[in-house]
Amino acid sequence: MGLHGQEQQHFLLVSYPAQGHINPVRHIAVRLASVTGACVTVSTAVSGHRILFPSAAGPDQEVNDGAVSYIPFSDGYDDGFKEGVDDSSRYASQIVINGSRTLSAILDRLEARGRRVTCVLYTLLLPWAVDVAHQHGIRSALYWIQPATVFACYYHYFHGYDKLITTHAEDRVPVVSLPDLPPLRIRDLPTFLTATSEDHYSKSILDNFRAVFDKLDQEDDGRRPMVLMNTFDSLEGDVLRPIKDKMEVFAIGPVVPKEIPTGSDLFKQDEKDYMKWLDTKPARSVVYVSFGSLSAVKRPQIEEIILGLKESGRPYLWVLRNDCREEGLELEEGDDGMVVSWCNQLQVLSHASVGCFVTHCGWNSTLETLTCGVPTVGVPQWSDQRTNAWLMDEILGMGVRAEVNEEGVLPAAELRRCLEVVMGEGEGGEGIRKKVEMWKEKAREAVGEGSSSERNLWAFLGEISARCN
Ligand code: UDP
């Protein structure tokens, strides 16, 4: 028996091997185990598993960190997908074939060991995991790791609004109206919804989202499909109102760990002691810059950022991943600037000297900065980041969205201007910092004992238990 007298559940969380997917999966896994007493196993692709657990007995061996077990599935690319070498459309078909086969074997193995999985929780880009679960007679639920607003945009696109969005994007009509959402400009919508028909890569990702929403449309023994969402009740208004009679949605965020995690990431920590360097800076003086784990930051953008940061005269800590560094690139650092290849972002955002986050607006970064109370300059790159930047700037008021030029590059002068707005003494900055404090408090309230997200997590558990009987 688990807590609250229900049967103990065993959740298997399946994650794509990307940092922005693995982080919210690991953190919700810990929360599910510690709050509800459930048994939790996380499965990502072998390539990711090997990097996360380099000292495991065997490279594909099960690992248990005390709260959560990790067992990898194979996407057929156990040495990792090689950008520029491997073909992304072949990867898309291989992960379905190999992933289905090896995930199925994991479910069999766990059952044979007396650890039968009772619910498969799958994240973005993995619709095939639903079929595997159902072949084993196991319930499944989607774990949506982007905002509810983005979920609503996709939902409406796949339920009758595709033509409206596509024609508006082509005709450059700037604003679309979707049910129960404030008017959104084309530039605020997820990039995959507005990509041109020649953009085959975006189209293939959109097809993957379509497959996920198709699965959600299929009834589960006459019951509404379940979606866990990394957002919280008071954050985005009732944007899912028209969808809620079709699905059971449980807002259980912000899924940001209470304790700063010290385990490994898919990227190696920079050896520079950036935390010690932050200690030497005055409160709220440092600009932290990072565009996440996937966005390719190209040379023209790098040069504008260097110039903008230097001209702003504020100390800065900048994450420029190794794969974005071309040969011959000069990243001259002085007392007032540090460039690292990867850092512990949550630790950095929690440091008192950090006064602004120049971010690509990945949803994890957005929730982390909100939870830590750091105002933002948004420079969205692709996917949901444009909608997240809109939320951050126009709905939550916790920062500004920077304007980019025709090449999509943020010019130095614009970066300087935005930093002045957010960190300066003007009215704008003061208003932003007040909002940031308010959201920090609301985020704290959303996850404590008896909070809305905890109640929703229990409601989800109750629903799973009812469906398993
Ligand atoms: N991150 C980190 N160190 C870095 C850069 C990023 O720990 O130097 C983490 C960050 O805290 C976040 C994740 O990587 O949890 C990135 O996810 P996000 O959704 O923000 O963006 P993505 O990388 O998916 O574009």
# chains A, B, ... in the order shown; residues from 1 in each chain; ligands from 1
>>> closest_atom_pairs(of="chain A", to="ligand 1", cutoff="7 Å", atoms="only C-alpha atoms and all ligand atoms", output="Markdown table")
| residue | atom | partner | partner_atom_place_in_ligand_line | distance |
| --- | --- | --- | --- | --- |
| A:Ala18 | CA | ligand 1 | 24 (O) | 7.0 |
| A:Gln19 | CA | ligand 1 | 14 (O) | 5.5 |
| A:Gly20 | CA | ligand 1 | 24 (O) | 3.5 |
| A:His21 | CA | ligand 1 | 24 (O) | 6.6 |
| A:Asn23 | CA | ligand 1 | 15 (O) | 5.6 |
| A:Ser290 | CA | ligand 1 | 5 (C) | 6.1 |
| A:Phe291 | CA | ligand 1 | 25 (O) | 6.8 |
| A:Gly292 | CA | ligand 1 | 23 (O) | 3.8 |
| A:Ser293 | CA | ligand 1 | 23 (O) | 3.5 |
| A:Leu294 | CA | ligand 1 | 25 (O) | 5.0 |
| A:Ser295 | CA | ligand 1 | 25 (O) | 6.2 |
| A:Val319 | CA | ligand 1 | 8 (O) | 5.4 |
| A:Ser341 | CA | ligand 1 | 8 (O) | 6.8 |
| A:Trp342 | CA | ligand 1 | 8 (O) | 3.7 |
| A:Cys343 | CA | ligand 1 | 8 (O) | 4.0 |
| A:Asn344 | CA | ligand 1 | 7 (O) | 4.5 |
| A:Gln345 | CA | ligand 1 | 7 (O) | 4.2 |
| A:Leu346 | CA | ligand 1 | 11 (O) | 5.6 |
| A:Cys361 | CA | ligand 1 | 20 (O) | 6.2 |
| A:Gly362 | CA | ligand 1 | 20 (O) | 3.5 |
| A:Trp363 | CA | ligand 1 | 19 (O) | 4.4 |
| A:Asn364 | CA | ligand 1 | 19 (O) | 3.8 |
| A:Ser365 | CA | ligand 1 | 20 (O) | 3.6 |
| A:Thr366 | CA | ligand 1 | 20 (O) | 6.5 |
| A:Glu368 | CA | ligand 1 | 11 (O) | 6.9 |
>>> select_by_dssp(residues="region 270-321 of chain A", states="strand (DSSP E or B)", output="PyMOL selection string")
chain A and resi 286-290+316-319
>>> write_last_selection(atoms="C-alpha atoms", output="PDB file, in the first residue's frame")
ATOM      1  CA  VAL A 286      25.527  40.551 -12.739  1.00  0.00           C
ATOM      2  CA  VAL A 287      23.974  39.794 -16.136  1.00  0.00           C
ATOM      3  CA  TYR A 288      23.652  36.024 -16.643  1.00  0.00           C
ATOM      4  CA  VAL A 289      23.387  34.977 -20.315  1.00  0.00           C
ATOM      5  CA  SER A 290      22.427  31.529 -21.594  1.00  0.00           C
ATOM      6  CA  TYR A 316      28.412  39.273 -16.854  1.00  0.00           C
ATOM      7  CA  LEU A 317      28.495  35.487 -16.698  1.00  0.00           C
ATOM      8  CA  TRP A 318      27.856  33.949 -20.092  1.00  0.00           C
ATOM      9  CA  VAL A 319      27.278  30.296 -20.997  1.00  0.00           C
TER      10      VAL A 319
END
>>> closest_atom_pairs(of="region 167-210 of chain A", to="region 118-129 of chain A", cutoff="8 Å", atoms="only C-alpha atoms", output="JSON lines")
{"residue": "A:Ile205", "atom": "CA", "partner": "A:Leu125", "partner_atom": "CA", "distance": 7.8}
{"residue": "A:Asn208", "atom": "CA", "partner": "A:Leu125", "partner_atom": "CA", "distance": 5.8}
{"residue": "A:Phe209", "atom": "CA", "partner": "A:Leu125", "partner_atom": "CA", "distance": 6.6}
>>> select_by_dssp(residues="region 292-455 of chain A", states="alpha helix (DSSP H)", output="NGL selection string")
:A and (299-312 or 345-349 or 363-372 or 385-390 or 412-423 or 427-447 or 452-455)
>>> closest_residue(among="A:Leu184, A:Ala133, A:Leu419, A:Leu370", to="Ser100 (chain A)", atoms="only C-alpha atoms")
A:Ala133
>>> closest_residue(among="A:Pro315, A:Pro147, A:Gly397, A:Pro411", to="Glu333 (chain A)", atoms="only C-alpha atoms")
A:Pro315
>>> closest_residue(among="A:Asp270, A:Glu311, A:Asp220, A:Asp265", to="Pro54 (chain A)", atoms="only C-alpha atoms")
A:Asp265
>>> atom_distance(atom1="CA of Val150 (chain A)", atom2="CA of Gly253 (chain A)")
15.1 Å
>>> residues_around(residues="region 239-246 of chain A", least_positions_apart="4", cutoff="9 Å", atoms="only C-alpha atoms", output="mmCIF file with N, CA and C atoms, in the first residue's frame")
data_model
loop_
_atom_site.group_PDB
_atom_site.id
_atom_site.type_symbol
_atom_site.label_atom_id
_atom_site.label_comp_id
_atom_site.auth_asym_id
_atom_site.auth_seq_id
_atom_site.Cartn_x
_atom_site.Cartn_y
_atom_site.Cartn_z
ATOM 1 N N ALA A 148 0.945 25.805 -20.495
ATOM 2 C CA ALA A 148 -0.436 25.483 -20.883
ATOM 3 C C ALA A 148 -0.820 26.280 -22.125
ATOM 4 N N THR A 149 -0.352 27.521 -22.215
ATOM 5 C CA THR A 149 -0.663 28.374 -23.363
ATOM 6 C C THR A 149 -0.172 27.731 -24.663
ATOM 7 N N PHE A 151 0.367 24.518 -25.083
ATOM 8 C CA PHE A 151 -0.490 23.336 -25.287
ATOM 9 C C PHE A 151 -1.760 23.761 -26.013
ATOM 10 N N ALA A 152 -2.357 24.872 -25.553
ATOM 11 C CA ALA A 152 -3.606 25.362 -26.164
ATOM 12 C C ALA A 152 -3.369 25.741 -27.632
ATOM 13 N N TYR A 155 -3.190 22.549 -29.553
ATOM 14 C CA TYR A 155 -4.504 21.894 -29.548
ATOM 15 C C TYR A 155 -5.417 22.547 -30.588
ATOM 16 N N PRO A 179 -9.441 30.350 -29.276
ATOM 17 C CA PRO A 179 -10.403 30.325 -28.165
ATOM 18 C C PRO A 179 -9.748 30.494 -26.787
ATOM 19 N N ASP A 180 -10.299 31.424 -26.022
ATOM 20 C CA ASP A 180 -9.874 31.680 -24.640
ATOM 21 C C ASP A 180 -8.416 32.098 -24.454
ATOM 22 N N LEU A 181 -7.770 32.468 -25.560
ATOM 23 C CA LEU A 181 -6.404 33.000 -25.439
ATOM 24 C C LEU A 181 -6.435 34.481 -25.799
ATOM 25 N N PRO A 182 -5.602 35.291 -25.174
ATOM 26 C CA PRO A 182 -5.514 36.691 -25.615
ATOM 27 C C PRO A 182 -5.034 36.711 -27.066
ATOM 28 N N ASP A 217 -6.564 12.273 -28.495
ATOM 29 C CA ASP A 217 -7.951 12.251 -28.977
ATOM 30 C C ASP A 217 -8.575 10.862 -28.873
ATOM 31 N N ARG A 224 -11.415 10.392 -20.166
ATOM 32 C CA ARG A 224 -10.624 11.467 -20.773
ATOM 33 C C ARG A 224 -9.129 11.189 -20.598
ATOM 34 N N PRO A 225 -8.316 11.514 -21.607
ATOM 35 C CA PRO A 225 -6.872 11.324 -21.449
ATOM 36 C C PRO A 225 -6.331 12.238 -20.352
#
>>> closest_residue(among="A:Asp171, A:Asp335, A:Glu463, A:Glu437", to="Glu248 (chain A)", atoms="only C-alpha atoms")
A:Glu463
>>> closest_residue(among="A:His136, A:Arg401, A:His49, A:Arg314", to="Phe73 (chain A)", atoms="only C-alpha atoms")
A:His49
>>> decode(residues="region 130-141 of chain A", atoms="all heavy atoms", output="compact mmCIF listing (two decimals), in the first residue's frame")
# COMPACT_ATOMS: atom_id res chain seq x y z
N VAL A 130 3.02 5.53 -25.98
CA VAL A 130 1.61 5.25 -25.64
C VAL A 130 1.24 3.85 -26.14
O VAL A 130 0.61 3.06 -25.43
CB VAL A 130 0.68 6.29 -26.30
CG1 VAL A 130 -0.78 6.02 -25.96
CG2 VAL A 130 1.07 7.70 -25.91
N ASP A 131 1.63 3.56 -27.39
CA ASP A 131 1.30 2.24 -27.96
C ASP A 131 1.95 1.12 -27.15
O ASP A 131 1.33 0.10 -26.88
CB ASP A 131 1.76 2.16 -29.42
CG ASP A 131 1.06 3.21 -30.27
OD1 ASP A 131 -0.09 3.54 -29.94
OD2 ASP A 131 1.67 3.73 -31.21
N VAL A 132 3.21 1.33 -26.76
CA VAL A 132 3.90 0.30 -25.98
C VAL A 132 3.15 0.07 -24.67
O VAL A 132 2.89 -1.08 -24.29
CB VAL A 132 5.37 0.73 -25.71
CG1 VAL A 132 6.06 -0.30 -24.81
CG2 VAL A 132 6.13 0.91 -27.00
N ALA A 133 2.78 1.15 -23.99
CA ALA A 133 2.06 1.01 -22.72
C ALA A 133 0.77 0.22 -22.94
O ALA A 133 0.49 -0.74 -22.21
CB ALA A 133 1.76 2.38 -22.13
N HIS A 134 0.03 0.59 -23.96
CA HIS A 134 -1.27 -0.04 -24.16
C HIS A 134 -1.15 -1.51 -24.56
O HIS A 134 -1.95 -2.33 -24.13
CB HIS A 134 -2.11 0.76 -25.16
CG HIS A 134 -2.49 2.10 -24.57
ND1 HIS A 134 -3.22 3.04 -25.23
CD2 HIS A 134 -2.23 2.65 -23.35
CE1 HIS A 134 -3.38 4.11 -24.44
NE2 HIS A 134 -2.79 3.89 -23.30
N GLN A 135 -0.09 -1.83 -25.31
CA GLN A 135 0.14 -3.25 -25.64
C GLN A 135 0.36 -4.08 -24.39
O GLN A 135 0.11 -5.28 -24.35
CB GLN A 135 1.35 -3.41 -26.57
CG GLN A 135 1.04 -3.07 -28.02
CD GLN A 135 2.26 -2.54 -28.76
OE1 GLN A 135 3.40 -2.71 -28.31
NE2 GLN A 135 2.03 -1.90 -29.89
N HIS A 136 0.85 -3.42 -23.35
CA HIS A 136 1.09 -4.13 -22.08
C HIS A 136 -0.08 -3.97 -21.11
O HIS A 136 0.03 -4.34 -19.94
CB HIS A 136 2.38 -3.59 -21.44
CG HIS A 136 3.62 -4.07 -22.12
ND1 HIS A 136 4.44 -5.06 -21.62
CD2 HIS A 136 4.16 -3.71 -23.31
CE1 HIS A 136 5.44 -5.27 -22.46
NE2 HIS A 136 5.30 -4.45 -23.49
N GLY A 137 -1.15 -3.37 -21.58
CA GLY A 137 -2.31 -3.17 -20.71
C GLY A 137 -2.03 -2.18 -19.60
O GLY A 137 -2.59 -2.28 -18.50
N ILE A 138 -1.15 -1.20 -19.87
CA ILE A 138 -0.76 -0.22 -18.84
C ILE A 138 -1.31 1.16 -19.23
O ILE A 138 -1.28 1.54 -20.41
CB ILE A 138 0.79 -0.17 -18.72
CG1 ILE A 138 1.30 -1.53 -18.22
CG2 ILE A 138 1.24 0.94 -17.79
CD1 ILE A 138 2.82 -1.64 -18.24
N ARG A 139 -1.76 1.92 -18.24
CA ARG A 139 -2.25 3.28 -18.49
C ARG A 139 -1.10 4.18 -18.90
O ARG A 139 0.05 3.94 -18.51
CB ARG A 139 -2.85 3.88 -17.20
CG ARG A 139 -3.96 3.07 -16.63
CD ARG A 139 -5.24 3.41 -17.33
NE ARG A 139 -6.26 2.43 -16.98
CZ ARG A 139 -7.30 2.14 -17.75
NH1 ARG A 139 -7.45 2.74 -18.90
NH2 ARG A 139 -8.19 1.27 -17.36
N SER A 140 -1.44 5.26 -19.59
CA SER A 140 -0.40 6.24 -19.92
C SER A 140 -0.93 7.64 -19.69
O SER A 140 -2.15 7.86 -19.67
CB SER A 140 0.03 6.09 -21.38
OG SER A 140 -1.05 6.42 -22.23
N ALA A 141 -0.02 8.57 -19.47
CA ALA A 141 -0.40 9.98 -19.35
C ALA A 141 0.72 10.81 -19.97
O ALA A 141 1.89 10.43 -19.89
CB ALA A 141 -0.59 10.36 -17.89
